[in-house]
Amino acid sequence: MPTDLSDRTWEGPSAARRREILLATKTIAIVGASANPARASYFVNRYLTSTSDYTVWLVNPTITEIDGTPVYPSLADLPGVPDMVDAFRRHDDLPSVLDDAIAVGASTLWLQLGLWHEDVARRGEEAGLNVVMDRCVKIEHARFHGGLHLAGFDTGVIDSRRRSGL
């Protein structure tokens with residue numbers, strides 16, 4: 001596992017390509033879904049289900065539901081084929097997540113912030129998958145749908161400039 005950014009050699013898709021991937025995606029499987037509101041996977045699930053048209057499936061073999069939504073034990077148990085597999089798993093688990101994503105016919109493997117695995121990226125691309133690493137689906141969705149500027153900043157809801165006459 002690369003210890004710092006200088007060890008990274010794989011180049012991910014451009015912002016324009018990530019936008020295309022998100023626009024083409026209809027179903028997302030969150031692998032490593034958690035019922036703990038303090039976990040990123042919980043927040044991403046809540047954001048996607050409340051602000052997007054994506055069908056979101058939750059995957060975790062240790063729980064059966066989150067806030068009334070069923071949780072499936074594996075990608076193979078989903079009611080359909082996910083377009084995207086969004087992974088919230090440890091680095092060492094990522095090769096098996098890739099294998100499962102390939103086996104079910106997903107078109108994109110998305111590794112959340114902090115996750116970087118060059119062998120998984122290379123193998124995923126060789127298998128024909130779109131691969132995105134070290135990016136948050138929630139942040140990228142907000143960026144491309146008006147919630148954030150392309151640089152990652154909010155688009156001006158709060159302004160530090162004073163209005164004249166105040």
# chains A, B, ... in the order shown; residues from 1 in each chain; ligands from 1
$ select_by_dssp --residues "stretch 13-162 of chain A" --states "strand (DSSP E)" --output "list of chain:residue names"
A:Thr27, A:Ile28, A:Ala29, A:Ile30, A:Val31, A:Thr55, A:Val56, A:Trp57, A:Leu58, A:Val59, A:Glu65, A:Ile66, A:Thr69, A:Pro70, A:Val71, A:Tyr72, A:Met84, A:Val85, A:Asp86, A:Ala87, A:Thr108, A:Leu109, A:Trp110, A:Leu111, A:Asn130, A:Val131, A:Val132
$ select_by_dssp --residues "stretch 5-163 of chain A" --states "helix (DSSP H, G or I)" --output "count of residues only"
59
$ residues_around --residues "stretch 35-43 of chain A" --least-positions-apart "4" --cutoff "12 Å" --atoms "only C-alpha atoms" --output "VMD selection string"
chain A and resid 29 to 31 47 to 51 56 to 60 62 to 71 86 to 89 111 to 114 136 to 139
$ residues_around --residues "A:Val104" --least-positions-apart "6" --cutoff "8 Å" --atoms "only C-alpha atoms" --output "list in words"
Leu75, Ala76, Val81 and Pro82 of chain A
$ atom_distance --atom1 "atom CA of A:Tyr72" --atom2 "atom CA of A:Asp100"
13.5 Å
$ atom_distance --atom1 "atom CA of A:Asp134" --atom2 "atom CA of A:Arg90"
12.6 Å
$ closest_residue --among "A:Gly12, A:Pro79, A:Gly124, A:Pro61" --to "A:Asp99" --atoms "only C-alpha atoms"
A:Gly124
$ closest_residue --among "A:Asn130, A:Thr9, A:Ser34, A:Ser14" --to "A:Trp116" --atoms "only C-alpha atoms"
A:Thr9
$ residues_around --residues "A:Leu22" --least-positions-apart "4" --cutoff "12 Å" --atoms "only C-alpha atoms" --output "PyMOL selection string"
chain A and resi 13+15-18+26-28+48+52-54+83-86+107-110+130+132+136-145
$ closest_residue --among "A:Asp77, A:Ala33, A:His91, A:Thr25" --to "A:Ala103" --atoms "only C-alpha atoms"
A:Asp77
$ atom_distance --atom1 "atom CA of A:Ala127" --atom2 "atom CA of A:Ser96"
14.0 Å
$ closest_residue --among "A:Gly32, A:Ile102, A:Met133, A:Pro95" --to "A:Asp119" --atoms "only C-alpha atoms"
A:Pro95
$ decode --residues "stretch 85-107 of chain A" --atoms "N, CA, C and O atoms" --output "PDB file, in the first residue's frame"
ATOM      1  N   VAL A  85     -20.119  -0.258  -7.683  1.00  0.00           N
ATOM      2  CA  VAL A  85     -19.835  -0.820  -6.366  1.00  0.00           C
ATOM      3  C   VAL A  85     -18.985   0.222  -5.646  1.00  0.00           C
ATOM      4  O   VAL A  85     -17.882   0.549  -6.083  1.00  0.00           O
ATOM      5  N   ASP A  86     -19.544   0.786  -4.578  1.00  0.00           N
ATOM      6  CA  ASP A  86     -18.883   1.821  -3.786  1.00  0.00           C
ATOM      7  C   ASP A  86     -18.332   1.146  -2.534  1.00  0.00           C
ATOM      8  O   ASP A  86     -19.102   0.710  -1.675  1.00  0.00           O
ATOM      9  N   ALA A  87     -17.002   1.055  -2.436  1.00  0.00           N
ATOM     10  CA  ALA A  87     -16.377   0.255  -1.384  1.00  0.00           C
ATOM     11  C   ALA A  87     -15.947   1.087  -0.187  1.00  0.00           C
ATOM     12  O   ALA A  87     -15.198   2.053  -0.317  1.00  0.00           O
ATOM     13  N   PHE A  88     -16.427   0.665   0.967  1.00  0.00           N
ATOM     14  CA  PHE A  88     -16.014   1.189   2.269  1.00  0.00           C
ATOM     15  C   PHE A  88     -15.417   0.013   3.040  1.00  0.00           C
ATOM     16  O   PHE A  88     -16.024  -0.482   3.990  1.00  0.00           O
ATOM     17  N   ARG A  89     -14.288  -0.468   2.605  1.00  0.00           N
ATOM     18  CA  ARG A  89     -13.661  -1.638   3.217  1.00  0.00           C
ATOM     19  C   ARG A  89     -12.182  -1.371   3.440  1.00  0.00           C
ATOM     20  O   ARG A  89     -11.602  -0.473   2.835  1.00  0.00           O
ATOM     21  N   ARG A  90     -11.563  -2.202   4.272  1.00  0.00           N
ATOM     22  CA  ARG A  90     -10.120  -2.086   4.521  1.00  0.00           C
ATOM     23  C   ARG A  90      -9.339  -2.368   3.241  1.00  0.00           C
ATOM     24  O   ARG A  90      -9.795  -3.113   2.366  1.00  0.00           O
ATOM     25  N   HIS A  91      -8.158  -1.814   3.169  1.00  0.00           N
ATOM     26  CA  HIS A  91      -7.274  -1.982   2.019  1.00  0.00           C
ATOM     27  C   HIS A  91      -7.117  -3.453   1.636  1.00  0.00           C
ATOM     28  O   HIS A  91      -7.217  -3.817   0.462  1.00  0.00           O
ATOM     29  N   ASP A  92      -6.881  -4.315   2.615  1.00  0.00           N
ATOM     30  CA  ASP A  92      -6.637  -5.727   2.330  1.00  0.00           C
ATOM     31  C   ASP A  92      -7.871  -6.461   1.821  1.00  0.00           C
ATOM     32  O   ASP A  92      -7.761  -7.544   1.249  1.00  0.00           O
ATOM     33  N   ASP A  93      -9.062  -5.882   2.018  1.00  0.00           N
ATOM     34  CA  ASP A  93     -10.297  -6.494   1.532  1.00  0.00           C
ATOM     35  C   ASP A  93     -10.627  -6.093   0.089  1.00  0.00           C
ATOM     36  O   ASP A  93     -11.506  -6.686  -0.534  1.00  0.00           O
ATOM     37  N   LEU A  94      -9.961  -5.085  -0.439  1.00  0.00           N
ATOM     38  CA  LEU A  94     -10.321  -4.541  -1.743  1.00  0.00           C
ATOM     39  C   LEU A  94     -10.164  -5.519  -2.905  1.00  0.00           C
ATOM     40  O   LEU A  94     -11.002  -5.518  -3.806  1.00  0.00           O
ATOM     41  N   PRO A  95      -9.133  -6.392  -2.919  1.00  0.00           N
ATOM     42  CA  PRO A  95      -9.081  -7.365  -4.022  1.00  0.00           C
ATOM     43  C   PRO A  95     -10.319  -8.264  -4.082  1.00  0.00           C
ATOM     44  O   PRO A  95     -10.824  -8.554  -5.175  1.00  0.00           O
ATOM     45  N   SER A  96     -10.844  -8.675  -2.932  1.00  0.00           N
ATOM     46  CA  SER A  96     -12.037  -9.531  -2.967  1.00  0.00           C
ATOM     47  C   SER A  96     -13.275  -8.724  -3.358  1.00  0.00           C
ATOM     48  O   SER A  96     -14.173  -9.253  -4.021  1.00  0.00           O
ATOM     49  N   VAL A  97     -13.327  -7.431  -2.998  1.00  0.00           N
ATOM     50  CA  VAL A  97     -14.438  -6.579  -3.442  1.00  0.00           C
ATOM     51  C   VAL A  97     -14.391  -6.464  -4.963  1.00  0.00           C
ATOM     52  O   VAL A  97     -15.419  -6.559  -5.637  1.00  0.00           O
ATOM     53  N   LEU A  98     -13.202  -6.279  -5.512  1.00  0.00           N
ATOM     54  CA  LEU A  98     -13.052  -6.231  -6.974  1.00  0.00           C
ATOM     55  C   LEU A  98     -13.530  -7.532  -7.605  1.00  0.00           C
ATOM     56  O   LEU A  98     -14.295  -7.505  -8.575  1.00  0.00           O
ATOM     57  N   ASP A  99     -13.087  -8.655  -7.082  1.00  0.00           N
ATOM     58  CA  ASP A  99     -13.498  -9.949  -7.633  1.00  0.00           C
ATOM     59  C   ASP A  99     -15.016 -10.082  -7.633  1.00  0.00           C
ATOM     60  O   ASP A  99     -15.608 -10.542  -8.616  1.00  0.00           O
ATOM     61  N   ASP A 100     -15.649  -9.673  -6.546  1.00  0.00           N
ATOM     62  CA  ASP A 100     -17.113  -9.750  -6.449  1.00  0.00           C
ATOM     63  C   ASP A 100     -17.789  -8.798  -7.434  1.00  0.00           C
ATOM     64  O   ASP A 100     -18.802  -9.142  -8.049  1.00  0.00           O
ATOM     65  N   ALA A 101     -17.220  -7.603  -7.597  1.00  0.00           N
ATOM     66  CA  ALA A 101     -17.784  -6.629  -8.537  1.00  0.00           C
ATOM     67  C   ALA A 101     -17.717  -7.166  -9.969  1.00  0.00           C
ATOM     68  O   ALA A 101     -18.674  -7.040 -10.737  1.00  0.00           O
ATOM     69  N   ILE A 102     -16.597  -7.772 -10.316  1.00  0.00           N
ATOM     70  CA  ILE A 102     -16.456  -8.376 -11.649  1.00  0.00           C
ATOM     71  C   ILE A 102     -17.457  -9.513 -11.816  1.00  0.00           C
ATOM     72  O   ILE A 102     -18.136  -9.610 -12.841  1.00  0.00           O
ATOM     73  N   ALA A 103     -17.557 -10.354 -10.793  1.00  0.00           N
ATOM     74  CA  ALA A 103     -18.429 -11.536 -10.872  1.00  0.00           C
ATOM     75  C   ALA A 103     -19.896 -11.167 -11.086  1.00  0.00           C
ATOM     76  O   ALA A 103     -20.610 -11.881 -11.794  1.00  0.00           O
ATOM     77  N   VAL A 104     -20.355 -10.048 -10.489  1.00  0.00           N
ATOM     78  CA  VAL A 104     -21.771  -9.675 -10.648  1.00  0.00           C
ATOM     79  C   VAL A 104     -22.021  -8.814 -11.882  1.00  0.00           C
ATOM     80  O   VAL A 104     -23.166  -8.534 -12.212  1.00  0.00           O
ATOM     81  N   GLY A 105     -20.966  -8.360 -12.546  1.00  0.00           N
ATOM     82  CA  GLY A 105     -21.133  -7.585 -13.767  1.00  0.00           C
ATOM     83  C   GLY A 105     -21.249  -6.086 -13.576  1.00  0.00           C
ATOM     84  O   GLY A 105     -21.787  -5.387 -14.443  1.00  0.00           O
ATOM     85  N   ALA A 106     -20.737  -5.563 -12.456  1.00  0.00           N
ATOM     86  CA  ALA A 106     -20.750  -4.112 -12.243  1.00  0.00           C
ATOM     87  C   ALA A 106     -19.880  -3.437 -13.296  1.00  0.00           C
ATOM     88  O   ALA A 106     -18.948  -4.046 -13.832  1.00  0.00           O
ATOM     89  N   SER A 107     -20.172  -2.176 -13.577  1.00  0.00           N
ATOM     90  CA  SER A 107     -19.360  -1.461 -14.562  1.00  0.00           C
ATOM     91  C   SER A 107     -18.363  -0.503 -13.923  1.00  0.00           C
ATOM     92  O   SER A 107     -17.408  -0.089 -14.577  1.00  0.00           O
TER      93      SER A 107
END
